[in-house]
Every structure is written in structure tokens, then in C-alpha cells.
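One file, final_27.cif, is given below (mmCIF, C-alpha atoms).
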```
data_query
#
loop_
_atom_site.group_PDB
_atom_site.id
_atom_site.type_symbol
_atom_site.label_atom_id
_atom_site.label_comp_id
_atom_site.auth_asym_id
_atom_site.auth_seq_id
_atom_site.Cartn_x
_atom_site.Cartn_y
_atom_site.Cartn_z
ATOM 1 C CA MET A 273 27.636 -27.575 7.282
ATOM 2 C CA GLY A 274 31.005 -28.849 5.948
ATOM 3 C CA THR A 275 34.204 -29.249 7.986
ATOM 4 C CA ASP A 276 35.957 -26.373 6.182
ATOM 5 C CA LEU A 277 33.065 -24.001 6.903
ATOM 6 C CA GLN A 278 32.934 -25.058 10.564
ATOM 7 C CA TRP A 279 36.662 -24.328 10.859
ATOM 8 C CA SER A 280 36.258 -20.936 9.171
ATOM 9 C CA LEU A 281 33.376 -19.945 11.420
ATOM 10 C CA ALA A 282 35.304 -21.035 14.477
ATOM 11 C CA LYS A 283 38.249 -18.946 13.354
ATOM 12 C CA LEU A 284 35.982 -15.950 12.763
ATOM 13 C CA GLY A 285 34.593 -16.355 16.267
ATOM 14 C CA THR A 286 37.983 -16.285 18.034
ATOM 15 C CA ARG A 287 38.861 -13.426 20.331
ATOM 16 C CA ASN A 288 41.148 -11.762 17.798
ATOM 17 C CA ALA A 289 39.050 -12.275 14.661
ATOM 18 C CA ALA A 290 35.635 -11.200 15.975
ATOM 19 C CA PRO A 291 36.561 -7.529 16.609
ATOM 20 C CA PHE A 292 38.191 -7.410 13.187
ATOM 21 C CA ALA A 293 35.021 -8.728 11.499
ATOM 22 C CA LEU A 294 32.886 -6.258 13.460
ATOM 23 C CA VAL A 295 35.011 -3.300 12.375
ATOM 24 C CA CYS A 296 34.896 -4.514 8.763
ATOM 25 C CA LEU A 297 31.141 -4.780 8.946
ATOM 26 C CA PHE A 298 30.705 -1.134 9.916
ATOM 27 C CA LEU A 299 33.314 0.123 7.443
ATOM 28 C CA PHE A 300 32.207 -1.775 4.370
ATOM 29 C CA ALA A 301 28.560 -2.761 4.721
ATOM 30 C CA SER A 302 27.513 0.528 3.141
ATOM 31 C CA CYS A 303 29.351 -0.474 -0.050
ATOM 32 C CA ALA A 304 26.936 -3.339 -0.741
ATOM 33 C CA THR A 305 24.681 -2.709 -3.732
ATOM 34 C CA THR A 306 22.447 -4.989 -5.743
ATOM 35 C CA ASP A 307 21.728 -4.637 -9.459
ATOM 36 C CA PRO A 308 18.609 -6.696 -10.374
ATOM 37 C CA GLU A 309 19.352 -6.720 -14.117
ATOM 38 C CA LEU A 310 22.959 -7.778 -13.523
ATOM 39 C CA LEU A 311 21.714 -10.535 -11.232
ATOM 40 C CA LYS A 312 19.326 -11.871 -13.860
ATOM 41 C CA SER A 313 22.015 -11.700 -16.550
ATOM 42 C CA GLU A 314 24.177 -14.070 -14.486
ATOM 43 C CA LEU A 315 21.582 -16.850 -14.465
ATOM 44 C CA ASN A 316 22.725 -19.894 -16.439
ATOM 45 C CA ALA A 317 19.135 -20.788 -17.362
ATOM 46 C CA ARG A 318 18.342 -18.921 -20.568
ATOM 47 C CA PRO A 319 14.782 -18.273 -21.804
ATOM 48 C CA THR A 320 13.353 -19.310 -25.142
ATOM 49 C CA ALA A 321 10.743 -17.085 -26.765
ATOM 50 C CA GLN A 322 7.317 -18.280 -25.593
ATOM 51 C CA SER A 323 4.492 -15.743 -25.514
ATOM 52 C CA ALA A 324 0.746 -16.264 -25.543
ATOM 53 C CA SER A 325 -2.677 -14.673 -25.333
ATOM 54 C CA PRO A 326 -6.045 -16.254 -24.463
ATOM 55 C CA ASN A 327 -7.056 -16.124 -28.150
ATOM 56 C CA ASP A 328 -4.277 -18.592 -28.961
ATOM 57 C CA TYR A 329 -6.150 -21.261 -27.026
ATOM 58 C CA ALA A 330 -9.537 -21.121 -28.707
ATOM 59 C CA GLY A 331 -11.335 -24.251 -29.927
ATOM 60 C CA GLU A 332 -14.634 -25.410 -31.351
ATOM 61 C CA VAL A 333 -15.981 -25.017 -27.814
ATOM 62 C CA GLN A 334 -14.479 -22.212 -25.726
ATOM 63 C CA PHE A 335 -14.851 -21.429 -22.049
ATOM 64 C CA SER A 336 -13.225 -19.376 -19.309
ATOM 65 C CA ILE A 337 -12.981 -20.373 -15.646
ATOM 66 C CA SER A 338 -12.139 -18.145 -12.689
ATOM 67 C CA ASP A 339 -11.098 -19.858 -9.471
ATOM 68 C CA LYS A 340 -8.618 -19.432 -6.607
ATOM 69 C CA ILE A 341 -5.270 -20.957 -5.698
ATOM 70 C CA PRO A 342 -5.094 -21.850 -1.986
ATOM 71 C CA THR A 343 -1.908 -20.609 -0.285
ATOM 72 C CA ARG A 344 -0.668 -20.482 3.291
ATOM 73 C CA GLU A 345 -1.738 -16.863 3.623
ATOM 74 C CA LYS A 346 -4.894 -16.607 1.517
ATOM 75 C CA SER A 347 -6.516 -17.732 -1.717
ATOM 76 C CA VAL A 348 -5.334 -15.985 -4.888
ATOM 77 C CA PRO A 349 -7.547 -15.745 -8.007
ATOM 78 C CA TYR A 350 -6.572 -17.092 -11.415
ATOM 79 C CA THR A 351 -8.258 -17.527 -14.804
ATOM 80 C CA LEU A 352 -8.186 -20.509 -17.164
ATOM 81 C CA ASN A 353 -9.052 -19.758 -20.805
ATOM 82 C CA ALA A 354 -9.534 -22.999 -22.720
ATOM 83 C CA GLY A 355 -10.805 -24.545 -25.919
ATOM 84 C CA ILE A 356 -11.942 -28.055 -26.836
ATOM 85 C CA SER A 357 -11.803 -29.463 -30.368
ATOM 86 C CA SER A 358 -12.577 -32.823 -31.986
ATOM 87 C CA VAL A 359 -9.463 -34.923 -32.668
ATOM 88 C CA THR A 360 -10.743 -38.482 -33.212
ATOM 89 C CA SER A 361 -14.047 -40.270 -32.772
ATOM 90 C CA THR A 362 -13.146 -41.097 -29.162
ATOM 91 C CA ARG A 363 -10.947 -38.201 -28.082
ATOM 92 C CA LEU A 364 -11.157 -34.426 -27.789
ATOM 93 C CA GLY A 365 -8.199 -32.080 -27.874
ATOM 94 C CA PHE A 366 -7.782 -29.643 -24.981
ATOM 95 C CA ARG A 367 -5.732 -26.433 -24.995
ATOM 96 C CA GLY A 368 -5.720 -23.909 -22.189
ATOM 97 C CA LEU A 369 -3.856 -20.911 -20.812
ATOM 98 C CA LEU A 370 -3.648 -20.295 -17.084
ATOM 99 C CA ASP A 371 -3.440 -16.569 -16.353
ATOM 100 C CA LEU A 372 -1.435 -16.218 -13.119
ATOM 101 C CA ARG A 373 -0.846 -12.468 -13.229
ATOM 102 C CA GLU A 374 -2.827 -11.852 -10.033
ATOM 103 C CA PHE A 375 -0.663 -14.410 -8.216
ATOM 104 C CA GLN A 376 2.370 -12.662 -9.720
ATOM 105 C CA VAL A 377 1.300 -9.354 -8.124
ATOM 106 C CA GLN A 378 0.971 -10.962 -4.696
ATOM 107 C CA ALA A 379 4.003 -13.260 -4.961
ATOM 108 C CA PRO A 380 6.476 -10.968 -3.128
ATOM 109 C CA ALA A 381 4.321 -11.011 0.023
ATOM 110 C CA LEU A 382 3.477 -14.714 -0.275
ATOM 111 C CA LEU A 383 6.991 -16.011 -0.969
ATOM 112 C CA SER A 384 9.062 -13.892 1.437
ATOM 113 C CA GLY A 385 10.020 -15.238 4.853
ATOM 114 C CA THR A 386 12.545 -17.176 6.929
ATOM 115 C CA LEU A 387 14.418 -19.980 5.147
ATOM 116 C CA GLU A 388 16.660 -21.106 8.014
ATOM 117 C CA GLN A 389 16.814 -20.392 11.725
ATOM 118 C CA SER A 390 19.554 -22.494 13.303
ATOM 119 C CA CYS A 391 21.908 -21.984 16.194
ATOM 120 C CA SER A 392 24.622 -20.312 14.107
ATOM 121 C CA LEU A 393 22.770 -19.080 11.042
ATOM 122 C CA ASN A 394 19.641 -17.094 10.206
ATOM 123 C CA VAL A 395 18.531 -16.688 6.571
ATOM 124 C CA ASP A 396 15.533 -14.520 5.582
ATOM 125 C CA VAL A 397 14.481 -14.007 1.958
ATOM 126 C CA LYS A 398 12.654 -10.945 0.630
ATOM 127 C CA LEU A 399 11.214 -11.280 -2.864
ATOM 128 C CA ASP A 400 10.992 -7.977 -4.734
ATOM 129 C CA ASP A 401 9.766 -8.902 -8.201
ATOM 130 C CA THR A 402 8.631 -11.791 -10.413
ATOM 131 C CA SER A 403 8.185 -11.785 -14.170
ATOM 132 C CA ALA A 404 7.958 -14.155 -17.111
ATOM 133 C CA LYS A 405 10.573 -14.007 -19.821
ATOM 134 C CA GLY A 406 9.799 -16.494 -22.546
ATOM 135 C CA ASP A 407 9.549 -19.914 -20.926
ATOM 136 C CA LEU A 408 11.247 -18.779 -17.690
ATOM 137 C CA ILE A 409 9.883 -17.225 -14.519
ATOM 138 C CA GLU A 410 12.468 -14.826 -13.104
ATOM 139 C CA LEU A 411 12.489 -13.920 -9.406
ATOM 140 C CA VAL A 412 14.633 -11.163 -7.908
ATOM 141 C CA GLY A 413 15.094 -10.182 -4.285
ATOM 142 C CA SER A 414 17.538 -10.247 -1.407
ATOM 143 C CA VAL A 415 18.627 -12.548 1.384
ATOM 144 C CA ASP A 416 19.400 -11.225 4.872
ATOM 145 C CA VAL A 417 22.067 -13.410 6.474
ATOM 146 C CA LYS A 418 23.114 -13.301 10.129
ATOM 147 C CA LEU A 419 25.932 -15.406 11.565
ATOM 148 C CA TYR A 420 26.058 -16.143 15.317
ATOM 149 C CA ARG A 421 28.385 -17.786 17.767
ATOM 150 C CA CYS A 422 26.618 -21.018 18.714
ATOM 151 C CA ARG A 423 26.684 -21.748 22.451
ATOM 152 C CA ASP A 424 24.510 -24.871 22.399
ATOM 153 C CA LYS A 425 24.300 -26.929 19.201
ATOM 154 C CA GLU A 426 21.653 -29.198 20.721
ATOM 155 C CA SER A 427 19.136 -26.395 21.182
ATOM 156 C CA GLU A 428 16.315 -25.813 18.695
ATOM 157 C CA GLY A 429 16.135 -22.803 16.383
ATOM 158 C CA GLY A 430 18.003 -19.794 17.710
ATOM 159 C CA ASN A 431 17.729 -20.651 21.410
ATOM 160 C CA GLY A 432 21.403 -21.561 21.741
ATOM 161 C CA ARG A 433 22.788 -18.486 20.072
ATOM 162 C CA GLY A 434 25.498 -16.305 21.476
ATOM 163 C CA ALA A 435 26.739 -12.997 20.094
ATOM 164 C CA ARG A 436 26.091 -12.038 16.484
ATOM 165 C CA LEU A 437 29.369 -12.217 14.571
ATOM 166 C CA ILE A 438 28.439 -10.700 11.230
ATOM 167 C CA SER A 439 25.440 -9.891 9.047
ATOM 168 C CA THR A 440 24.800 -8.699 5.515
ATOM 169 C CA THR A 441 22.232 -8.562 2.733
ATOM 170 C CA ILE A 442 22.937 -10.517 -0.459
ATOM 171 C CA GLY A 443 21.172 -9.975 -3.765
ATOM 172 C CA VAL A 444 19.535 -13.123 -5.164
ATOM 173 C CA ALA A 445 17.985 -14.065 -8.496
ATOM 174 C CA ALA A 446 16.314 -17.331 -9.401
ATOM 175 C CA ALA A 447 14.813 -18.867 -12.515
ATOM 176 C CA ALA A 448 11.958 -21.369 -12.531
ATOM 177 C CA ARG A 449 9.948 -23.205 -15.156
ATOM 178 C CA ALA A 450 6.387 -24.493 -15.111
ATOM 179 C CA ASN A 451 6.019 -28.142 -16.114
ATOM 180 C CA VAL A 452 2.866 -30.180 -16.610
ATOM 181 C CA ARG A 453 2.449 -33.536 -14.897
ATOM 182 C CA GLY A 454 -0.809 -35.449 -15.246
ATOM 183 C CA GLN A 455 -3.542 -32.964 -14.365
ATOM 184 C CA CYS A 456 -1.277 -30.632 -12.390
ATOM 185 C CA VAL A 457 1.269 -27.858 -12.887
ATOM 186 C CA HIS A 458 4.610 -28.164 -11.105
ATOM 187 C CA PHE A 459 7.181 -25.371 -10.805
ATOM 188 C CA ASP A 460 10.843 -26.420 -10.960
ATOM 189 C CA LEU A 461 13.702 -24.204 -9.781
ATOM 190 C CA ALA A 462 16.133 -24.067 -12.696
ATOM 191 C CA ASP A 463 18.908 -21.827 -11.326
ATOM 192 C CA VAL A 464 19.899 -19.548 -8.427
ATOM 193 C CA VAL A 465 22.501 -16.765 -8.396
ATOM 194 C CA LEU A 466 23.744 -14.932 -5.290
ATOM 195 C CA GLN A 467 25.502 -11.558 -5.447
ATOM 196 C CA PRO A 468 27.597 -10.887 -2.338
ATOM 197 C CA THR A 469 29.061 -7.378 -2.595
ATOM 198 C CA GLY A 470 31.679 -5.240 -0.891
ATOM 199 C CA PHE A 471 34.194 -6.442 1.682
ATOM 200 C CA VAL A 472 31.590 -8.341 3.681
ATOM 201 C CA GLY A 473 30.541 -10.208 0.531
ATOM 202 C CA GLY A 474 34.170 -11.151 -0.056
ATOM 203 C CA LEU A 475 34.439 -12.352 3.535
ATOM 204 C CA PHE A 476 31.305 -14.498 3.055
ATOM 205 C CA ASN A 477 32.910 -16.047 -0.031
ATOM 206 C CA LEU A 478 36.170 -16.617 1.824
ATOM 207 C CA ILE A 479 34.640 -18.565 4.714
ATOM 208 C CA GLY A 480 32.256 -20.547 2.490
ATOM 209 C CA LEU A 481 29.099 -18.899 3.785
ATOM 210 C CA THR A 482 27.867 -17.863 0.323
ATOM 211 C CA GLU A 483 27.800 -21.516 -0.756
ATOM 212 C CA ARG A 484 25.966 -22.419 2.435
ATOM 213 C CA VAL A 485 23.282 -19.764 1.810
ATOM 214 C CA GLU A 486 22.907 -20.910 -1.818
ATOM 215 C CA GLU A 487 22.380 -24.466 -0.547
ATOM 216 C CA VAL A 488 19.652 -23.218 1.823
ATOM 217 C CA VAL A 489 17.878 -21.296 -0.960
ATOM 218 C CA LEU A 490 17.971 -24.279 -3.355
ATOM 219 C CA THR A 491 16.832 -26.786 -0.731
ATOM 220 C CA LYS A 492 13.967 -24.679 0.600
ATOM 221 C CA GLY A 493 12.937 -23.670 -2.914
ATOM 222 C CA LYS A 494 12.743 -27.306 -3.993
ATOM 223 C CA GLU A 495 10.750 -28.222 -0.879
ATOM 224 C CA PHE A 496 8.298 -25.403 -1.546
ATOM 225 C CA THR A 497 7.695 -26.333 -5.193
ATOM 226 C CA GLU A 498 7.237 -30.023 -4.361
ATOM 227 C CA GLU A 499 4.672 -29.182 -1.688
ATOM 228 C CA ASN A 500 2.747 -26.737 -3.882
ATOM 229 C CA GLU A 501 1.640 -28.459 -7.060
ATOM 230 C CA PHE A 502 -1.242 -26.610 -8.652
ATOM 231 C CA CYS A 503 -4.086 -28.659 -10.162
ATOM 232 C CA PRO A 504 -6.636 -26.431 -11.969
ATOM 233 C CA LYS A 505 -10.210 -27.681 -11.724
ATOM 234 C CA LEU A 506 -12.867 -27.678 -14.410
ATOM 235 C CA PRO A 507 -16.408 -26.562 -13.548
ATOM 236 C CA SER A 508 -18.448 -29.264 -11.820
ATOM 237 C CA GLU A 509 -20.496 -29.691 -15.021
ATOM 238 C CA LEU A 510 -17.310 -30.683 -16.883
ATOM 239 C CA SER A 511 -15.413 -32.437 -14.077
ATOM 240 C CA SER A 512 -16.099 -35.894 -15.525
ATOM 241 C CA LEU A 513 -14.107 -34.987 -18.653
ATOM 242 C CA LYS A 514 -10.826 -35.279 -16.718
ATOM 243 C CA PRO A 515 -8.369 -33.889 -19.304
ATOM 244 C CA VAL A 516 -4.922 -35.467 -19.310
ATOM 245 C CA PHE A 517 -2.218 -32.891 -20.006
ATOM 246 C CA ASP A 518 0.781 -34.148 -21.954
ATOM 247 C CA SER A 519 2.613 -30.879 -22.621
ATOM 248 C CA GLY A 520 2.754 -27.225 -21.670
ATOM 249 C CA GLY A 521 4.907 -24.823 -19.717
ATOM 250 C CA THR A 522 5.565 -21.191 -18.908
ATOM 251 C CA ARG A 523 4.200 -18.589 -21.307
ATOM 252 C CA GLU A 524 4.726 -14.838 -21.195
ATOM 253 C CA ILE A 525 1.451 -12.902 -21.311
ATOM 254 C CA GLY A 526 1.939 -9.372 -22.584
ATOM 255 C CA ASP A 527 5.034 -7.751 -21.079
ATOM 256 C CA GLY A 528 6.318 -10.092 -18.377
ATOM 257 C CA GLY A 529 2.968 -11.505 -17.248
ATOM 258 C CA ILE A 530 3.119 -15.097 -15.973
ATOM 259 C CA GLY A 531 0.996 -17.699 -17.728
ATOM 260 C CA VAL A 532 1.075 -21.472 -18.096
ATOM 261 C CA ALA A 533 0.037 -23.320 -21.245
ATOM 262 C CA LEU A 534 -1.798 -26.641 -20.958
ATOM 263 C CA SER A 535 -2.239 -29.081 -23.826
ATOM 264 C CA GLY A 536 -3.753 -32.538 -23.744
ATOM 265 C CA SER A 537 -6.755 -34.658 -24.545
ATOM 266 C CA ILE A 538 -10.065 -35.834 -23.142
ATOM 267 C CA ASP A 539 -11.510 -39.324 -23.343
ATOM 268 C CA THR A 540 -14.988 -39.372 -24.893
ATOM 269 C CA SER A 541 -15.922 -42.973 -24.148
ATOM 270 C CA ALA A 542 -19.482 -44.044 -23.400
ATOM 271 C CA VAL A 543 -18.738 -43.941 -19.660
ATOM 272 C CA THR A 544 -17.651 -40.303 -19.865
ATOM 273 C CA MET A 545 -20.731 -39.363 -21.873
ATOM 274 C CA MET A 546 -23.039 -41.091 -19.386
ATOM 275 C CA GLU A 547 -21.399 -39.195 -16.504
ATOM 276 C CA LEU A 548 -21.950 -35.917 -18.345
ATOM 277 C CA LEU A 549 -25.592 -36.769 -19.036
ATOM 278 C CA ALA A 550 -26.106 -37.641 -15.367
ATOM 279 C CA VAL A 551 -24.798 -34.213 -14.319
ATOM 280 C CA MET A 552 -26.981 -32.470 -16.887
ATOM 281 C CA GLN A 553 -30.004 -34.445 -15.722
ATOM 282 C CA SER A 554 -29.369 -33.590 -12.071
ATOM 283 C CA ARG A 555 -29.305 -29.896 -12.994
ATOM 284 C CA GLY A 556 -32.472 -30.098 -15.086
ATOM 285 C CA ILE A 557 -30.639 -29.443 -18.328
ATOM 286 C CA VAL A 558 -32.002 -32.661 -19.843
ATOM 287 C CA GLY A 559 -35.034 -34.710 -18.862
ATOM 288 C CA GLY A 560 -35.132 -38.223 -17.428
ATOM 289 C CA GLU A 561 -36.474 -40.285 -14.637
ATOM 290 C CA GLY A 562 -35.698 -38.696 -11.273
#
```
In C-alpha cells, write the structure found in this file.
Amino acid sequence: MGTDLQWSLAKLGTRNAAPFALVCLFLFASCATTDPELLKSELNARPTAQSASPNDYAGEVQFSISDKIPTREKSVPYTLNAGISSVTSTRLGFRGLLDLREFQVQAPALLSGTLEQSCSLNVDVKLDDTSAKGDLIELVGSVDVKLYRCRDKESEGGNGRGARLISTTIGVAAAARANVRGQCVHFDLADVVLQPTGFVGGLFNLIGLTERVEEVVLTKGKEFTEENEFCPKLPSELSSLKPVFDSGGTREIGDGGIGVALSGSIDTSAVTMMELLAVMQSRGIVGGEG
């Protein structure tokens, strides 16, 4: 927390300023409103038209895989529709579309929670909706912010808190993009917009608290995406193929459905073929000495 913000918070917590802030809270908190479409329109990250359907990713050999994404709460199902085609004598082309619409439905419950719980500040995020728009994933929700007088800065979490000075709910919108790295999908936070409203929102801007909350959202969002790379798995029969993805990204499925395109290649060297034959032999698909 910067020096200017510390000074502002200290000033807010003085004997004369605290009653004033409390009165303002009761008088003007009811004026706070959040417009999701206005929030999204203020994002600097702009989408490019990118839509897809499973049929776009057909090949000479087509297959569909259903599996689950492990999360902190529970596993969420997804589907991978893919196609493999011959490119050269030693390589196969791979194109796939991850259908993440079931994860999209459950995202508000999975991604809501506490972002910061310090002596002077508590920040809780509530995600209301996620949708794909072209190559962007748009997230809309709200952030509940509570500011406290801090009695003991050395204490952990909220143990050293004194009286609550002020609280409000701020509208928030974020934009993210899916990027492909190696054999995994990584989600990068492209932009965040906060919408403080009413007198309390103006007060948050004045004392620098809006910038502090934005910093918390960006930092925690980056930490979450870095810790949650998603690496789709092929069926055990095809695991030795090990496709290497070199491009892809967010795709809109239907009207706002979240999908991720995968494009790459598969090595078809003698070693890979022998590994495939060994799997087929172990499953009785081909004969051989046991």
C-alpha cells in the first residue's frame, strides 16, 4: 500500500473524518448501481471475430474425447473434438476444439471468493457471468470492499482489525484470452475495469482505494491463471502420439459459448509407431508374442 494511500486512510480514520464517512455511507450507498454492458464496453481489450463449431475441426481421422478438469471444488466435464490429417511422410496435422461450456456454467461458483483479507482491507469477488466474444472471454461481477482501522499491523489476516470505516460494492469486468503453450492451455488476464459508483465510489477514488482494489484483482487473477494451466489428455490408446500445439486460442461456440482451438502436429517416427503397436498389442487389438 503506497504512502499516499496510507495517509488518506489515516485521515479517514481520524475522529472527525470517521463519523463523516459513516454518514456518507448511509446516505449514498443506495445510489450505487452496476451496468454489466457498460462495464464490458469500458474494457480496453477488444475482441476479434473468432467463432467455431466441432465440424470445423474434422480430419481424415476424427474422434471426440470427454474428460474432466480438476478444480479446487470439484471436477468439471469438458469435450475435445479433434481431427488428424496427413501432412508429410513423418508428421500428422492435429486440429481440435475444446468445448468448455460446462465449465462456463459453473464458473461463477468456482471463481468467486476472497481475494484479500488483511488488517485494514477485505476484498471479496462475486462472479456473475462469463461469456466468449470472439477471441475474448468476458467476465462480469462485483467486488465487496471493506475498509477497517488497523490496530495491529503485525497480526495475520483480520485479527488486528478495529472498527469498520467504510464498505461498498464495486462493479468489475475483466477480459481474458486463452493461449496455447506446448501441450497446455493457459488463460491470460488481458484487462480489468472497476466501476465505483455514487458518493462512496467517488470517495474510494479520492483516497486511492479503487487503484488498490484493481491491483488486488490483477495480482490474484494472474496468480490463479498461472497455477491453473489446463493440459487436455488424449485417450490412453493415443497418448504416445503427444501432439505439440503451436497455435490456437479462444473461440466462441454458438452464442457466447467458451471454446479453445488447438492446432499443431504429431511426430510419426518409428519410435512413435512402435509405442502405438505396443499399446494395441497389450489390448489384444493386434497379435504378437505376449
Report as a PDB file with C-alpha atoms, keeping the file's coordinate frame the full result of the PyMOL selection byres ((chain A and resi 531) around 8) when it is applied to this structure.
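Output saved as part_35.pdb:
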```pdb
ATOM      1  CA  ALA A 324       0.746 -16.264 -25.543  1.00  0.00           C
ATOM      2  CA  LEU A 369      -3.856 -20.911 -20.812  1.00  0.00           C
ATOM      3  CA  LEU A 370      -3.648 -20.295 -17.084  1.00  0.00           C
ATOM      4  CA  ASP A 371      -3.440 -16.569 -16.353  1.00  0.00           C
ATOM      5  CA  LEU A 372      -1.435 -16.218 -13.119  1.00  0.00           C
ATOM      6  CA  ARG A 373      -0.846 -12.468 -13.229  1.00  0.00           C
ATOM      7  CA  ALA A 404       7.958 -14.155 -17.111  1.00  0.00           C
ATOM      8  CA  THR A 522       5.565 -21.191 -18.908  1.00  0.00           C
ATOM      9  CA  ARG A 523       4.200 -18.589 -21.307  1.00  0.00           C
ATOM     10  CA  GLU A 524       4.726 -14.838 -21.195  1.00  0.00           C
ATOM     11  CA  ILE A 525       1.451 -12.902 -21.311  1.00  0.00           C
ATOM     12  CA  GLY A 529       2.968 -11.505 -17.248  1.00  0.00           C
ATOM     13  CA  ILE A 530       3.119 -15.097 -15.973  1.00  0.00           C
ATOM     14  CA  VAL A 532       1.075 -21.472 -18.096  1.00  0.00           C
ATOM     15  CA  ALA A 533       0.037 -23.320 -21.245  1.00  0.00           C
TER      16      ALA A 533
END
```
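Within the 10 Å cut-off around Ser358 (chain A), using all atoms listed in the file and omitting residues fewer than 5 positions from it on the same chain, the listed residues are Gly331, Glu332, Val333, Arg363, Leu364, Gly365, Phe366, Ser537, Ile538 and Thr540 of chain A.
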Can you sort out the box for region 453-467 of chain A, edges along x, y and z, all listed atoms in, 4 Å on every side, with centre and edge lengths in Å to one decimal, as lines of an AutoDock Vina configuration file?
```
center_x = 11.0
center_y = -23.5
center_z = -10.3
size_x = 37.0
size_y = 31.9
size_z = 18.0
```
* **Residues within 8 Å of region 495-504 of chain A, all atoms listed in the file, excluding chain neighbours under 5 positions, as a PyMOL selection string** => chain A and resi 341+455-461
* To do: Would you mind reading off the distance between CA of Leu399 (chain A) and CA of Leu387 (chain A), one decimal, in Å?
  =>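 Distance reported for this atom pair: 12.3 Å.
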* Would you mind telling me which residue in A:Leu408, A:Val397, A:Ala330, A:Val465 lies nearest to Arg367 (chain A) when using all atoms listed in the file? =>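 Between A:Leu408, A:Val397, A:Ala330, A:Val465, the residue approaching Arg367 (chain A) most closely is A:Ala330.
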* Asked: Skipping near chain neighbours, those fewer than 3 positions away, what residues fall within 7 Å of region 378-385 of chain A using all atoms listed in the file, listed as JSON, numbers by chain?
  -> {"A": [345, 374, 375, 396, 397, 398, 399, 400, 401]}
* Asked: Mind telling me what the PyMOL selection byres ((chain A and resi 315) around 7) catches here, as a list in words?
  -> Lys312, Ser313, Glu314, Asn316, Ala317, Asp463, Val464 and Val465 of chain A
For the selection just defined, write its residues with C-alpha atoms to a file, as a PDB file, in the coordinates of the input.
```
ATOM      1  CA  LYS A 312      19.326 -11.871 -13.860  1.00  0.00           C
ATOM      2  CA  SER A 313      22.015 -11.700 -16.550  1.00  0.00           C
ATOM      3  CA  GLU A 314      24.177 -14.070 -14.486  1.00  0.00           C
ATOM      4  CA  ASN A 316      22.725 -19.894 -16.439  1.00  0.00           C
ATOM      5  CA  ALA A 317      19.135 -20.788 -17.362  1.00  0.00           C
ATOM      6  CA  ASP A 463      18.908 -21.827 -11.326  1.00  0.00           C
ATOM      7  CA  VAL A 464      19.899 -19.548  -8.427  1.00  0.00           C
ATOM      8  CA  VAL A 465      22.501 -16.765  -8.396  1.00  0.00           C
TER       9      VAL A 465
END
```
* Asked: Which is closest to Val472 (chain A) among A:Ser439, A:Asn353, A:Ser541, A:Ser535, if we use all atoms listed in the file?
  ->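 Ranked by minimum distance to Val472 (chain A), first place goes to A:Ser439.
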* To do: Translate the PyMOL selection byres ((chain A and resi 392) around 9), as applied to the file shown, into an explicit residue set as a list in words.
  =>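 Against this file, the PyMOL selection byres ((chain A and resi 392) around 9) returns the residues Gln389, Ser390, Cys391, Leu393, Asn394, Lys418, Leu419, Tyr420, Arg421, Cys422, Arg423, Lys425, Gly430, Gly432, Arg433, Gly434 and Arg436 of chain A.
Distance-wise, CA of Ser325 (chain A) and CA of Ala354 (chain A) end up 11.1 Å apart.
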* Structure fact -> Students should find that CA of Asp407 (chain A) and CA of Ala446 (chain A) are spaced 13.6 Å
* Asked: Between A:Ala450, A:Ile337, A:Ala435, A:Leu466, which has the minimum distance to Gly413 (chain A) (counting only C-alpha atoms)?
  -> A:Leu466
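Using only C-alpha atoms, the smallest distance between any of A:Lys340, A:Lys346, A:Lys405, A:Lys494 and Gln322 (chain A) comes from A:Lys405.
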* Enumerate, as JSON, numbers by chain, the protein, DNA and RNA residues whose atoms approach (-0.4, -37.2, -14.9) to within 8 Å, taking into account all atoms listed in the file and the coordinate frame of the file. => {"A": [452, 453, 454, 455, 456, 516, 517, 518]}
* Find the residues around Thr402 (chain A) up to 7 Å (only C-alpha atoms counted), leave out those fewer than 6 positions away in its own chain, and share them as a PyMOL selection string. => chain A and resi 376+409-412
